[in-house]
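Student: After the structure tokens below, expect a handful of questions from me.
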There are 2 protein chains.
Amino acid sequence: MRKEGRLTRWIGWTVVVAGLLLLGFIIGWFAKPTRPNTPNDTASGKYLREFLDEMRPEQIREHLRKFTRLPHLAGTEQNLKYAEQIMKEWKEYGLDSVEMVPYDVLLSYPNKTQPNYISIIDQLGSEVFNTSLAEPVPEGYEDVSNIVPPYSAFSPKGQPEGDLVYVNYGRTEDFFQLERDMGVNATGRIVIVRYGKIFRGNKVKNAMLAGAKGIIMFSDPADYWAAGVQPYPDGWNLPGGGAQRGNVLNLNGAGDPLTPGYPAKEYTYRLSLEDGVGLPKIPVHPIGFHDAINLLKNMGGPIPPNNWKGALNISYRIGPGFTDDFKRQKLRMNIHSNNQITRIYNVIGRIRGALEPDRYVILGGHRDAWVFGGIDPMSGAAVVHETVRSAGRLISKGWRPRRTLIFASWDAEEFGLQGSTEWAEDNAKLLQERAVAYINADSAIEGMYTLRVDCTPSLHTLVYDLTKQIASPEEGEEGVSLYESWHKRDNWTDNRDAPRISKLGSGSDFEAYFIRLGIAAGRARYTKNKKTEQYSSYPVYHSVYETFEVVEKFYDPSFKRLRAVAQVRGGLIFQLADSQLLPLDVNQYADALGKYAQSIAQLGHRHPEEMNTYRVSFDSLFSAVENFTVAARDFHERLHTLNKADPLQLRIVNDQLMYLERAFIDPLGLPGRPFYRHVIFAPSSHNKYAGESFPGIYDALFDIQNSADKQKSWEEVKRQISIAAFTVHAAAMTLTPPA
Amino acid sequence: MRKEGRLTRWIGWTVVVAGLLLLGFIIGWFAKPTRPNTPNDTASGKYLREFLDEMRPEQIREHLRKFTRLPHLAGTEQNLKYAEQIMKEWKEYGLDSVEMVPYDVLLSYPNKTQPNYISIIDQLGSEVFNTSLAEPVPEGYEDVSNIVPPYSAFSPKGQPEGDLVYVNYGRTEDFFQLERDMGVNATGRIVIVRYGKIFRGNKVKNAMLAGAKGIIMFSDPADYWAAGVQPYPDGWNLPGGGAQRGNVLNLNGAGDPLTPGYPAKEYTYRLSLEDGVGLPKIPVHPIGFHDAINLLKNMGGPIPPNNWKGALNISYRIGPGFTDDFKRQKLRMNIHSNNQITRIYNVIGRIRGALEPDRYVILGGHRDAWVFGGIDPMSGAAVVHETVRSAGRLISKGWRPRRTLIFASWDAEEFGLQGSTEWAEDNAKLLQERAVAYINADSAIEGMYTLRVDCTPSLHTLVYDLTKQIASPEEGEEGVSLYESWHKRDNWTDNRDAPRISKLGSGSDFEAYFIRLGIAAGRARYTKNKKTEQYSSYPVYHSVYETFEVVEKFYDPSFKRLRAVAQVRGGLIFQLADSQLLPLDVNQYADALGKYAQSIAQLGHRHPEEMNTYRVSFDSLFSAVENFTVAARDFHERLHTLNKADPLQLRIVNDQLMYLERAFIDPLGLPGRPFYRHVIFAPSSHNKYAGESFPGIYDALFDIQNSADKQKSWEEVKRQISIAAFTVHAAAMTLTPPA
């Protein structure tokens with residue numbers, strides 16, 4: 001009995017102990033999360049606020065001041081020094097790694113002992129007028145050496161002589177009009193065109209196609225002078241002695257002209273100069289309007305239509321050549337610039353991603369400047385610098401983004417986006433597989449009115465969400481968000497009630513990332529009021545007058561606009577790098593495709609009879625867009641049931657989001673432009689700065705008007721419609737469940 | 001005191017209870033895995049054994065019997081019927097989904113009312129001899145209709161007349177020898193060449209380049225007759241009335257000739273026939289050796305060297321034309337075949353991956369046959385069928401692979417790999433981002449000796465490991481592994497003490513996957529003894545005598561060889577789809593690159609003076625390979641410390657493994673071959689069947705020998721070395737830690 005009692009008691013105790021252990025076990029089991037803790041979006045949101053708030057106007061001012069004291073043209077010692085300083089400071093700010101990445105690319109410089117200029121010569125060949133050899137140096141910079149005079153980079157050497165022909169902006173349509181309506185031929189002549197409307201390289205190409213033997217570009221006050229504003233230093237207008245530097249290449253995305261498709265390293269094979277990509281074959285030179293008056297004032301020939309007339313007090317006659325009294329005078333260009341292979345330096349900094357180190361979010365902008373780069377690019381570089389500083393502060397507080405952040409200070413952007421393109425070529429495989437997004441950081445300000453954003457459609461929603469979390473930098477708008485301020489000033493009326501966002505064109509370093517590799521991309525800057533301010537870019541663009549002071553005195557005295565731009569650019573990369581689910585909106589892409597398809601079809605339907613004759617239809621494109629739209633909607637639907645706690649499920653969906661932009665890439669490229677591979681977006685063939693949607697179809701349709709073989713031209717339209725339809729279908733497929 | 005005692009006791013109990021709960025909690029916490037249970041490699045190993053053991057010789061026999069009763073040429077009703085049957089059976093076997101995927105591609109058929117043949121004509125144009133219009137039908141198949149007579153698919157129509165010139169195998173070197181050493185010109189003549197050594201399309205291209213107006217190909221017993229073997233049906237040799245069908249395209253990977261780069265769908269733009277890719281411009285026709293004797297026996301001209309002589313009892317004179325007595329006789333080809341756009345059908349089956357549905361492992365092989373397809377391709381298709389059946393059995397037992405398995409029955413392989421290439425084009429984006437590997441399943445047997453494997457270097461280790469787990473099918477080798485049996489018969493003596501594995505060339509459906517998209521790929525089949533059996537492919541290749549019986553009676557009466565091949569192909573996809581860590585060996589790739597670099601440099605160093613003159617060096621390539629080798633070694637080192645329990649860490653490393661092959665792809669393609677994009681491997685430009693390593697460099701070096709402009713040719717060699725070096729460096733980068 002006693003034994004039994006003890007046994008019972010023993011059993012009782014054992015049961016109790018076992019029960020307690022089991023209970024504990026169960027609690028332990030279920031208390032433990034099924035995966036390692038990951039920063040959730042709430043924590044990420046808190047850090048975003050800190051990240052944005054850490055950015056300071058006075059810091060941006062200081063960065064800008066520091067990096068605009070001396071000219072730092074690509075390939076010069078000073079630009080390397082700034083690179084070293086950036087590298088040093090990024091390390092100090094706390095990046096995990098910062099490296100200098102050199103390439104040896106083709107650059108172009110004026111000959112120091114034989115200056116470039118343009119002469120009017122008499123019948124004996126004597127120079128009766130010469131254009132100026134340099135811009136008057138702005139006060140405060142008198143002792144600065146190494147200011148490169150205005151020149152057209154990559155102009156071949158040459159001293160062509162001939163009669164002048166004035167061709168307005170040198171656009172495709174201007175040359176058409178010249179030849180067809182005015183009956184003037186540019187062949188064998190030197191053409192003079194005004195800067196503006198389109199990329200200067202396109203003007204040069206048009207002049208070459210028209211058979212010109214040289215081309216001069218000038219800044220007309222109609223295009224580089226804002227009403228009621230003083231010229232620099234009393235205001236931000238371009239003085240008459242100022243001129244716009246710039247490269248005149250037609251690279252179409254090739255990067256270094258001698259190593260298309262491959263990075264320009266020590267061992268890389270280089271084409272000969274004759275075979276180099278996009279190098280102009282005729283001399284080119286830029287002048288200011290003081291000089292232009294002298295070249296233009298005595299011109300003869302017909303009076304042009306009003307839209308060919310600028311704001312100078314001359315008649316803008318077409319030529320060829322001068323009026324009766326000056327008939328025997330001719331023009332001579334004297335160009336002695338050299339192309340030379342030169343070492344350039346990108347600075348690449350990284351913050352390693354905590355959970356997905358193999359996913360990259362890139363913030364890149366260039367460092368090289370034509371002279372001081374007060375606006376272009378240092379207003380952008382200062383913003384990047386401040387973004388790095390702020391990110392470093394967060395790191396020191398224990399934050400680390402989910403994905404890897406890459407910061408880039410590109411070199412030789414001004415010579416054809418070379419630093420960024422060579423690095424893209426060097427890292428193409430990694431980027432193709434791993435890059436989530438590329439945010440560009442060129443000039444952060446070009447006006448004093450409101451925000452300007454160009455980006456891929458899938459970023460629209462993020463841009464809107466983010467700008468609602470940023471304050472307007474405008475005086476009197478305390479408590480107003482950047483979104484509201486922007487919305488009020490630039491509503492996207494025809495499309496929707498939201499601030500306008502435009503397509504990406506080219507002309508800055510995002511090109512290789514977006515158009516060649518298919519990485520979601522965007523850019524943001526502060527801009528002018530496009531409706532009231534008609535001038536091109538900003539007046540002092542690429543002149544010696546782009547100083548620190550032009551920003552400090554006129555564009556952004558409080559540096560709050562630059563701070564707002566920093567917060568937009570920085571906020572974008574923060575959210576892209578740190579959100580659990582990638583903040584890319586596939587429905588927005590579907591909407592955009594729908595609009596682009598409508599608009600390209602409208603262009604086709606301008607030729608209803610021919611479309612009928614050659615049996616051209618846009619149906620396959622519309623059907624593909626419809627298919628994409630359904631796939632996008634279903635994709636977003638499925639997101640509601642996504643188990644974000646499952647790291648693989650999350651990764652799979654994020655991969656679909658990341659690779660969507662890649663799906664629009666056709667490795668075969670656009671006709672004649674092998675490095676423009678994005679089927680939805682490309683720089684216009686007629687103006688590199690402008691973005692064209694469905695560029696393959698657009699170009700084929702454009703060719704219709706001057707086609708001798710209509711059948712063949714319409715066949716090309718059909719081929720391009722078919723490629724576009726296929727690409728949109730293929731992109732839709734990437735959004736469906738993966739198996 | 002009593003109260004205190006009770007309190008003490010209470011506290012005591014509380015501590016004990018809390019302690020027990022805590023202990024349980026701790027056990028529970030740590031007992032729980034940090035992530036959802038995933039099939040581990042041990043479980044996977046058990047299933048692999050079951051999967052291999054489930055494959056049955058008698059089942060393979062039955063599959064083969066079933067699908068070889070009737071001719072099933074691509075584009076015919078019977079081939080669609082077999083597709084439907086396969087779809088139905090794959091569904092029954094238990095695949096998650098099976099779909100039929102059609103494309104409309106360019107095929108070529110003889111004209112049913114106007115047969116193709118070749119005549120000897122007299123001076124009046126009368127036919128004095130005509131080649132046969134069909135092969136004698138094998139016994140048992142007398143009542144079968146729709147046997148297509150021997151023809152060269154895609155030959156243009158035409159009735160060229162002229163003198164015959166005999167050019168041995170029609171290789172590049174044969175035409176060189178003809179013109180240089182023998183002083184005979186093929187221009188304006190009809191050339192006759194024997195089948196063998198190289199792909200027939202290359203022969204046709206060479207004849208076109210030599211200016212021939214037509215080309216005849218015949219099967220010489222020297223190349224299609226094994227010593228001591230009877231002709232079919234008493235043995236497996238080719239009867240004298242048998243002839244080899246085949247396409248004579250030079251597609252270079254384009255797929256459908258009218259839709260290069262894009263899938264041939266309803267809406268797809270089609271090139272005109274004149275612009276189609278790779279279509280021959282001169283009539284082509286194949287004959288057997290009975291007919292060949294009649295064309296060749298009276299030929300005049302020089303006696304050729306011995307290596308130009310086949311095994312027929314004739315003198316193999318070169319021509320042009322016939323000997324004295326027959327001088328006035330000429331040859332006339334009568335070709336009336338039609339090219340026509342025809343619907344073809346791929347069958348695509350899927351098993352959804354349990355954890356990574358967005359990772360694809362593909363087993364694909366074609367279904368279309370020239371006639372019955374006893375060997376080509378149904379011995380392979382039967383093996384795929386058995387693999388699907390076995391996988392279905394596993395599914396029914398609860399197994400599901402980690403990654404998605406895709407099974408494909410391709411159509412129109414015989415017409416230029418069209419079904420597989422169109423599907424690759426259709427799904428290019430998905431495949432690029434998600435495909436782990438492609439295993440090819442064409443003919444599973446071409447000899448009775450041992451295993452033959454061609455694959456990418458990173459699969460070598462898996463092939464060796466796997467074949468050690470498979471039994472030798474040879475009689476008297478019970479208990480011997482396939483690896484041992486294979487090793488004994490075909491040791492890779494010069495490289496290492498292991499069975500020989502060769503490079504992939506082309507000539508089957510892996511081409512678009514491996515050479516265009518850069519997906520790790522391999523193929524396996526049973527083969528002859530290459531040292532003792534000199535004939536080309538297998539004698540009855542592409543003739544009507546490729547029946548079920550030729551396999552059942554001669555090649556594999558026990559069907560154990562086919563089972564072994566099924567186990568190799570099936571085992572490969574099983575391991576690739578189910579292993580936690582992808583079974584790809586990066587060190588093997590490094591070794592292979594080292595060997596290829598050595599061998600291409602040796603080829604260059606055959607011209608030591610010129611290499612010196614034009615400053616050509618392979619140093620950059622060797623340095624890149626060294627860099628890759630270090631990166632590969634470090635990568636495998638890091639695998640030791642990989643935390644496989646962390647799904648993201650595992651995925652990141654697997655992505656590096658998966659994307660390695662992709663890193664060798666250059667979107668610009670090889671010179672003149674835009675769809676051959678793999679920088680390390682491509683089909684030889686001189687023989688599509690052969691694989692060339694560093695093909696860009698190889699072709700540039702090959703051109704040196706006949707170059708008129710040595711400087712230019714060596715520049716191309718340098719350019720190609722630079723591209724290869726860059727690509728290998730870029731691939732090495734993908735193996736380094738991702739950030």
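FYI, nothing fancy with the structure tokens labels: chains A, B, ... in order, residues from 1 per chain, ligands from 1 as they appear.
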Residues within 8 Å of Pro683 of chain A, please, as a list in words. Count only C-alpha atoms; anything in the same chain fewer than 6 positions from it doesn't count.
Tutor: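 Final neighbour list, sorted by chain and number: Leu504, Gly505, Ser506, Tyr689, Ala690, Gly691, Glu692 and Pro695 of chain A.
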Student: Put those residues in a file: all heavy atoms, as a PDB file, in the first residue's frame.
Tutor:
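Wrote it out as selection-v5.pdb, contents follow:
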```pdb
ATOM      1  N   LEU A 504      11.735  59.420 -69.496  1.00  0.00           N
ATOM      2  CA  LEU A 504      13.175  59.650 -69.555  1.00  0.00           C
ATOM      3  C   LEU A 504      13.614  59.745 -71.011  1.00  0.00           C
ATOM      4  O   LEU A 504      13.183  58.945 -71.844  1.00  0.00           O
ATOM      5  CB  LEU A 504      13.913  58.500 -68.874  1.00  0.00           C
ATOM      6  CG  LEU A 504      13.909  58.486 -67.342  1.00  0.00           C
ATOM      7  CD1 LEU A 504      14.290  57.112 -66.832  1.00  0.00           C
ATOM      8  CD2 LEU A 504      14.858  59.544 -66.791  1.00  0.00           C
ATOM      9  N   GLY A 505      14.458  60.737 -71.308  1.00  0.00           N
ATOM     10  CA  GLY A 505      15.069  60.800 -72.638  1.00  0.00           C
ATOM     11  C   GLY A 505      16.490  60.312 -72.505  1.00  0.00           C
ATOM     12  O   GLY A 505      16.710  59.189 -72.083  1.00  0.00           O
ATOM     13  N   SER A 506      17.441  61.189 -72.847  1.00  0.00           N
ATOM     14  CA  SER A 506      18.822  60.858 -72.510  1.00  0.00           C
ATOM     15  C   SER A 506      19.529  62.146 -72.160  1.00  0.00           C
ATOM     16  O   SER A 506      18.903  63.118 -71.767  1.00  0.00           O
ATOM     17  CB  SER A 506      19.531  60.122 -73.624  1.00  0.00           C
ATOM     18  OG  SER A 506      20.839  59.806 -73.185  1.00  0.00           O
ATOM     19  N   TYR A 689      17.803  64.489 -76.200  1.00  0.00           N
ATOM     20  CA  TYR A 689      17.247  64.863 -74.895  1.00  0.00           C
ATOM     21  C   TYR A 689      15.825  64.362 -74.686  1.00  0.00           C
ATOM     22  O   TYR A 689      15.373  64.190 -73.561  1.00  0.00           O
ATOM     23  CB  TYR A 689      17.237  66.388 -74.726  1.00  0.00           C
ATOM     24  CG  TYR A 689      18.596  67.006 -74.616  1.00  0.00           C
ATOM     25  CD1 TYR A 689      18.843  68.277 -75.146  1.00  0.00           C
ATOM     26  CD2 TYR A 689      19.650  66.348 -73.980  1.00  0.00           C
ATOM     27  CE1 TYR A 689      20.090  68.864 -75.036  1.00  0.00           C
ATOM     28  CE2 TYR A 689      20.900  66.933 -73.876  1.00  0.00           C
ATOM     29  CZ  TYR A 689      21.121  68.189 -74.400  1.00  0.00           C
ATOM     30  OH  TYR A 689      22.350  68.771 -74.295  1.00  0.00           O
ATOM     31  N   ALA A 690      15.092  64.196 -75.771  1.00  0.00           N
ATOM     32  CA  ALA A 690      13.682  63.832 -75.654  1.00  0.00           C
ATOM     33  C   ALA A 690      13.516  62.319 -75.600  1.00  0.00           C
ATOM     34  O   ALA A 690      14.258  61.573 -76.233  1.00  0.00           O
ATOM     35  CB  ALA A 690      12.899  64.387 -76.832  1.00  0.00           C
ATOM     36  N   GLY A 691      12.542  61.875 -74.812  1.00  0.00           N
ATOM     37  CA  GLY A 691      12.259  60.452 -74.743  1.00  0.00           C
ATOM     38  C   GLY A 691      11.128  60.098 -75.700  1.00  0.00           C
ATOM     39  O   GLY A 691      10.119  60.794 -75.759  1.00  0.00           O
ATOM     40  N   GLU A 692      11.313  59.042 -76.432  1.00  0.00           N
ATOM     41  CA  GLU A 692      10.288  58.599 -77.380  1.00  0.00           C
ATOM     42  C   GLU A 692       9.715  57.291 -76.853  1.00  0.00           C
ATOM     43  O   GLU A 692      10.472  56.444 -76.384  1.00  0.00           O
ATOM     44  CB  GLU A 692      10.961  58.364 -78.738  1.00  0.00           C
ATOM     45  CG  GLU A 692      10.061  58.494 -79.924  1.00  0.00           C
ATOM     46  CD  GLU A 692       9.573  59.930 -80.084  1.00  0.00           C
ATOM     47  OE1 GLU A 692      10.340  60.779 -80.545  1.00  0.00           O
ATOM     48  OE2 GLU A 692       8.394  60.162 -79.737  1.00  0.00           O
ATOM     49  N   PRO A 695       9.880  53.625 -79.670  1.00  0.00           N
ATOM     50  CA  PRO A 695      10.769  54.342 -80.611  1.00  0.00           C
ATOM     51  C   PRO A 695      10.956  53.612 -81.943  1.00  0.00           C
ATOM     52  O   PRO A 695      11.133  54.268 -82.970  1.00  0.00           O
ATOM     53  CB  PRO A 695      12.093  54.444 -79.848  1.00  0.00           C
ATOM     54  CG  PRO A 695      12.040  53.346 -78.827  1.00  0.00           C
ATOM     55  CD  PRO A 695      10.599  53.238 -78.436  1.00  0.00           C
TER      56      PRO A 695
END
```
Student: Compile the residues of chain A that lie within 7 Å of chain B, evaluated using only C-alpha atoms, and express the compilation as number ranges by chain.
Tutor: A: 17, 20-29, 32, 34-36, 267-269, 352, 357-358, 404, 429-430, 620, 647-648, 652, 663, 667, 718-719, 722, 734, 738-739
Student: Take the residues just selected and output them with C-alpha atoms as a PDB file, in the first residue's frame.
Tutor:
```
ATOM      1  CA  VAL A  17       6.543  17.836 -14.466  1.00  0.00           C
ATOM      2  CA  LEU A  20       4.803  21.727 -17.333  1.00  0.00           C
ATOM      3  CA  LEU A  21       7.712  20.927 -19.601  1.00  0.00           C
ATOM      4  CA  LEU A  22       5.336  20.283 -22.474  1.00  0.00           C
ATOM      5  CA  LEU A  23       3.478  23.505 -21.834  1.00  0.00           C
ATOM      6  CA  GLY A  24       6.770  25.384 -21.821  1.00  0.00           C
ATOM      7  CA  PHE A  25       7.829  23.590 -24.959  1.00  0.00           C
ATOM      8  CA  ILE A  26       4.634  24.544 -26.738  1.00  0.00           C
ATOM      9  CA  ILE A  27       4.950  28.165 -25.687  1.00  0.00           C
ATOM     10  CA  GLY A  28       8.589  28.176 -26.785  1.00  0.00           C
ATOM     11  CA  TRP A  29       7.778  26.564 -30.085  1.00  0.00           C
ATOM     12  CA  LYS A  32       9.721  31.559 -31.879  1.00  0.00           C
ATOM     13  CA  THR A  34       9.654  31.050 -38.282  1.00  0.00           C
ATOM     14  CA  ARG A  35      12.434  33.107 -39.782  1.00  0.00           C
ATOM     15  CA  PRO A  36      15.251  35.335 -38.656  1.00  0.00           C
ATOM     16  CA  TYR A 267      43.742  45.310 -72.293  1.00  0.00           C
ATOM     17  CA  THR A 268      40.674  46.405 -74.253  1.00  0.00           C
ATOM     18  CA  TYR A 269      40.926  46.516 -78.024  1.00  0.00           C
ATOM     19  CA  ARG A 352      26.207  46.282 -48.045  1.00  0.00           C
ATOM     20  CA  PRO A 357      23.421  42.033 -50.527  1.00  0.00           C
ATOM     21  CA  ASP A 358      22.992  40.852 -54.119  1.00  0.00           C
ATOM     22  CA  THR A 404      22.930  47.018 -51.164  1.00  0.00           C
ATOM     23  CA  LYS A 429      26.200  40.957 -65.980  1.00  0.00           C
ATOM     24  CA  LEU A 430      25.980  41.865 -62.314  1.00  0.00           C
ATOM     25  CA  SER A 620      -1.557  43.156 -82.109  1.00  0.00           C
ATOM     26  CA  PRO A 647      11.652  34.949 -47.440  1.00  0.00           C
ATOM     27  CA  LEU A 648      11.546  32.863 -50.625  1.00  0.00           C
ATOM     28  CA  ILE A 652      10.243  35.549 -55.915  1.00  0.00           C
ATOM     29  CA  ALA A 663      11.680  42.353 -69.949  1.00  0.00           C
ATOM     30  CA  PRO A 667      19.184  42.256 -77.225  1.00  0.00           C
ATOM     31  CA  LYS A 718       4.731  46.368 -89.474  1.00  0.00           C
ATOM     32  CA  ARG A 719       7.918  44.674 -88.341  1.00  0.00           C
ATOM     33  CA  SER A 722       5.238  43.104 -84.270  1.00  0.00           C
ATOM     34  CA  THR A 734       7.020  37.714 -66.423  1.00  0.00           C
ATOM     35  CA  PRO A 738       6.172  31.619 -62.129  1.00  0.00           C
ATOM     36  CA  ALA A 739       5.029  28.024 -62.547  1.00  0.00           C
TER      37      ALA A 739
END
```
Student: What's the 9 Å shell around Met448 of chain B, counting only C-alpha atoms, without same-chain residues fewer than 5 positions away, as a short mmCIF file (atom, residue, chain, number, x, y, z; two decimals) with all heavy atoms, in the first residue's frame?
Tutor:
```cif
data_model
loop_
_atom_site.label_atom_id
_atom_site.label_comp_id
_atom_site.auth_asym_id
_atom_site.auth_seq_id
_atom_site.Cartn_x
_atom_site.Cartn_y
_atom_site.Cartn_z
N TYR B 526 23.93 6.77 -75.71
CA TYR B 526 24.81 5.61 -75.86
C TYR B 526 25.44 5.68 -77.23
O TYR B 526 24.79 6.05 -78.21
CB TYR B 526 24.01 4.32 -75.67
CG TYR B 526 24.75 3.37 -74.76
CD1 TYR B 526 24.79 3.60 -73.39
CD2 TYR B 526 25.45 2.29 -75.29
CE1 TYR B 526 25.50 2.75 -72.55
CE2 TYR B 526 26.16 1.43 -74.46
CZ TYR B 526 26.19 1.67 -73.09
OH TYR B 526 26.90 0.83 -72.27
N THR B 527 26.74 5.33 -77.31
CA THR B 527 27.45 5.56 -78.57
C THR B 527 28.31 4.38 -78.98
O THR B 527 28.42 3.38 -78.26
CB THR B 527 28.30 6.85 -78.45
OG1 THR B 527 28.71 7.27 -79.74
CG2 THR B 527 29.53 6.61 -77.57
N LYS B 528 28.91 4.54 -80.12
CA LYS B 528 29.80 3.52 -80.65
C LYS B 528 31.22 3.70 -80.11
O LYS B 528 31.50 4.65 -79.39
CB LYS B 528 29.81 3.63 -82.17
CG LYS B 528 30.41 4.97 -82.64
CD LYS B 528 30.10 5.26 -84.10
CE LYS B 528 30.55 6.68 -84.43
NZ LYS B 528 30.07 7.12 -85.74
N ASN B 529 32.10 2.81 -80.51
CA ASN B 529 33.52 2.93 -80.17
C ASN B 529 34.19 3.79 -81.23
O ASN B 529 34.43 3.35 -82.35
CB ASN B 529 34.16 1.54 -80.12
CG ASN B 529 35.61 1.61 -79.70
OD1 ASN B 529 36.23 2.67 -79.74
ND2 ASN B 529 36.15 0.47 -79.29
N PHE B 554 18.97 -4.79 -82.94
CA PHE B 554 20.42 -4.61 -82.97
C PHE B 554 20.99 -3.71 -81.88
O PHE B 554 21.95 -4.07 -81.23
CB PHE B 554 20.85 -4.08 -84.35
CG PHE B 554 20.32 -4.91 -85.48
CD1 PHE B 554 19.34 -4.42 -86.33
CD2 PHE B 554 20.76 -6.22 -85.66
CE1 PHE B 554 18.83 -5.20 -87.36
CE2 PHE B 554 20.26 -7.00 -86.70
CZ PHE B 554 19.28 -6.50 -87.55
N TYR B 555 20.40 -2.55 -81.74
CA TYR B 555 21.07 -1.58 -80.87
C TYR B 555 20.88 -1.84 -79.38
O TYR B 555 21.77 -1.62 -78.59
CB TYR B 555 20.61 -0.15 -81.21
CG TYR B 555 21.35 0.41 -82.42
CD1 TYR B 555 20.82 0.28 -83.71
CD2 TYR B 555 22.58 1.03 -82.26
CE1 TYR B 555 21.51 0.76 -84.81
CE2 TYR B 555 23.27 1.52 -83.36
CZ TYR B 555 22.73 1.39 -84.64
OH TYR B 555 23.42 1.86 -85.71
N ASP B 556 19.69 -2.34 -79.02
CA ASP B 556 19.45 -2.47 -77.58
C ASP B 556 18.32 -3.46 -77.29
O ASP B 556 17.28 -3.08 -76.75
CB ASP B 556 19.11 -1.09 -77.00
CG ASP B 556 19.20 -1.08 -75.47
OD1 ASP B 556 19.82 -1.99 -74.89
OD2 ASP B 556 18.64 -0.13 -74.88
N ARG B 561 20.28 -0.35 -72.32
CA ARG B 561 21.09 0.83 -72.65
C ARG B 561 20.22 2.08 -72.64
O ARG B 561 20.62 3.11 -72.12
CB ARG B 561 21.75 0.64 -74.02
CG ARG B 561 22.86 -0.41 -74.00
CD ARG B 561 23.40 -0.71 -75.39
NE ARG B 561 24.45 -1.73 -75.32
CZ ARG B 561 24.62 -2.70 -76.21
NH1 ARG B 561 23.82 -2.78 -77.27
NH2 ARG B 561 25.60 -3.56 -76.08
#
```
Student: Can you tell me how far atom CA of Arg65 of chain B sits from atom CA of Tyr151 of chain B, in Å to one decimal?
Tutor: 25.8 Å
Student: Using only C-alpha atoms, which residues sit within 10 Å of segment 391-393 of chain A once same-chain residues fewer than 3 positions away are excluded, as a PyMOL selection string?
Tutor: chain A and resi 47-48+50-52+54-55+90-96+351+385-388+396-401+405+570+574
Student: Got a sec: who's within 12 Å of Ser558 of chain B, counting only C-alpha atoms, leaving out chain neighbours fewer than 4 positions off, as a list in words?
Tutor: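 Contacts, with the query itself left out: Arg56, Pro57, Glu58, Gln59, Ile60, Arg61, Met448, Pro473, Glu474, Glu475, Val551, Glu552, Lys553, Phe554, Leu562, Arg563 and Ala564 of chain B.
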Student: Which residues come within 12 Å of Thr76 of chain A, counting only C-alpha atoms, excluding same-chain residues fewer than 4 positions away, as number ranges by chain?
Tutor: A: 70-72, 80-83, 107-109, 146-148, 342-345, 367-371, 411-412
Student: Kindly give the distance, in Å, that separates atom CA of Asp442 of chain B and atom CA of Ile362 of chain B, rounded to a single decimal.
Tutor: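 Answer for the atom CA of Asp442 of chain B to atom CA of Ile362 of chain B separation: 13.5 Å.
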Student: For segment 530-535 of chain A, find every residue with an atom within 9 Å (counting only C-alpha atoms), except residues of its own chain fewer than 6 positions away, and show them as a list of chain:residue names.
Tutor: A:Gly196, A:Pro221, A:Ala222, A:Asp223, A:Tyr224, A:Trp225, A:Ala226, A:Ala227
Student: In Å, rounded to a single decimal, give me how far atom CA of Pro257 of chain B is from atom CA of Tyr698 of chain A.
Tutor: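 Going from atom CA of Tyr698 of chain A over to atom CA of Pro257 of chain B covers 26.1 Å.
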Student: Can you tell me, as a list in words, which residues in segment 202-323 of chain B count as strand (DSSP E or B) by DSSP?
Tutor: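 Reading the DSSP output for segment 202-323 of chain B, strand (DSSP E or B) covers Gly214, Ile215, Ile216, Met217, Phe218, Pro231, Asn237, Gly246, Asn247, Val284, His285, Pro286, Ile287, Met299 and Phe322 of chain B.
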Student: So which one's closest to Val384 of chain A, A:Arg516, A:Lys688, A:Lys710, A:His366? Using only C-alpha atoms, please.
Tutor: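 Closest to Val384 of chain A, using only C-alpha atoms: A:His366.
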Student: Taking only segment 520-598 of chain B into account, list the residues labelled alpha helix (DSSP H) by DSSP (computed from the backbone), as a ChimeraX atom specification.
Tutor: /B:548-549,560-578,586-598
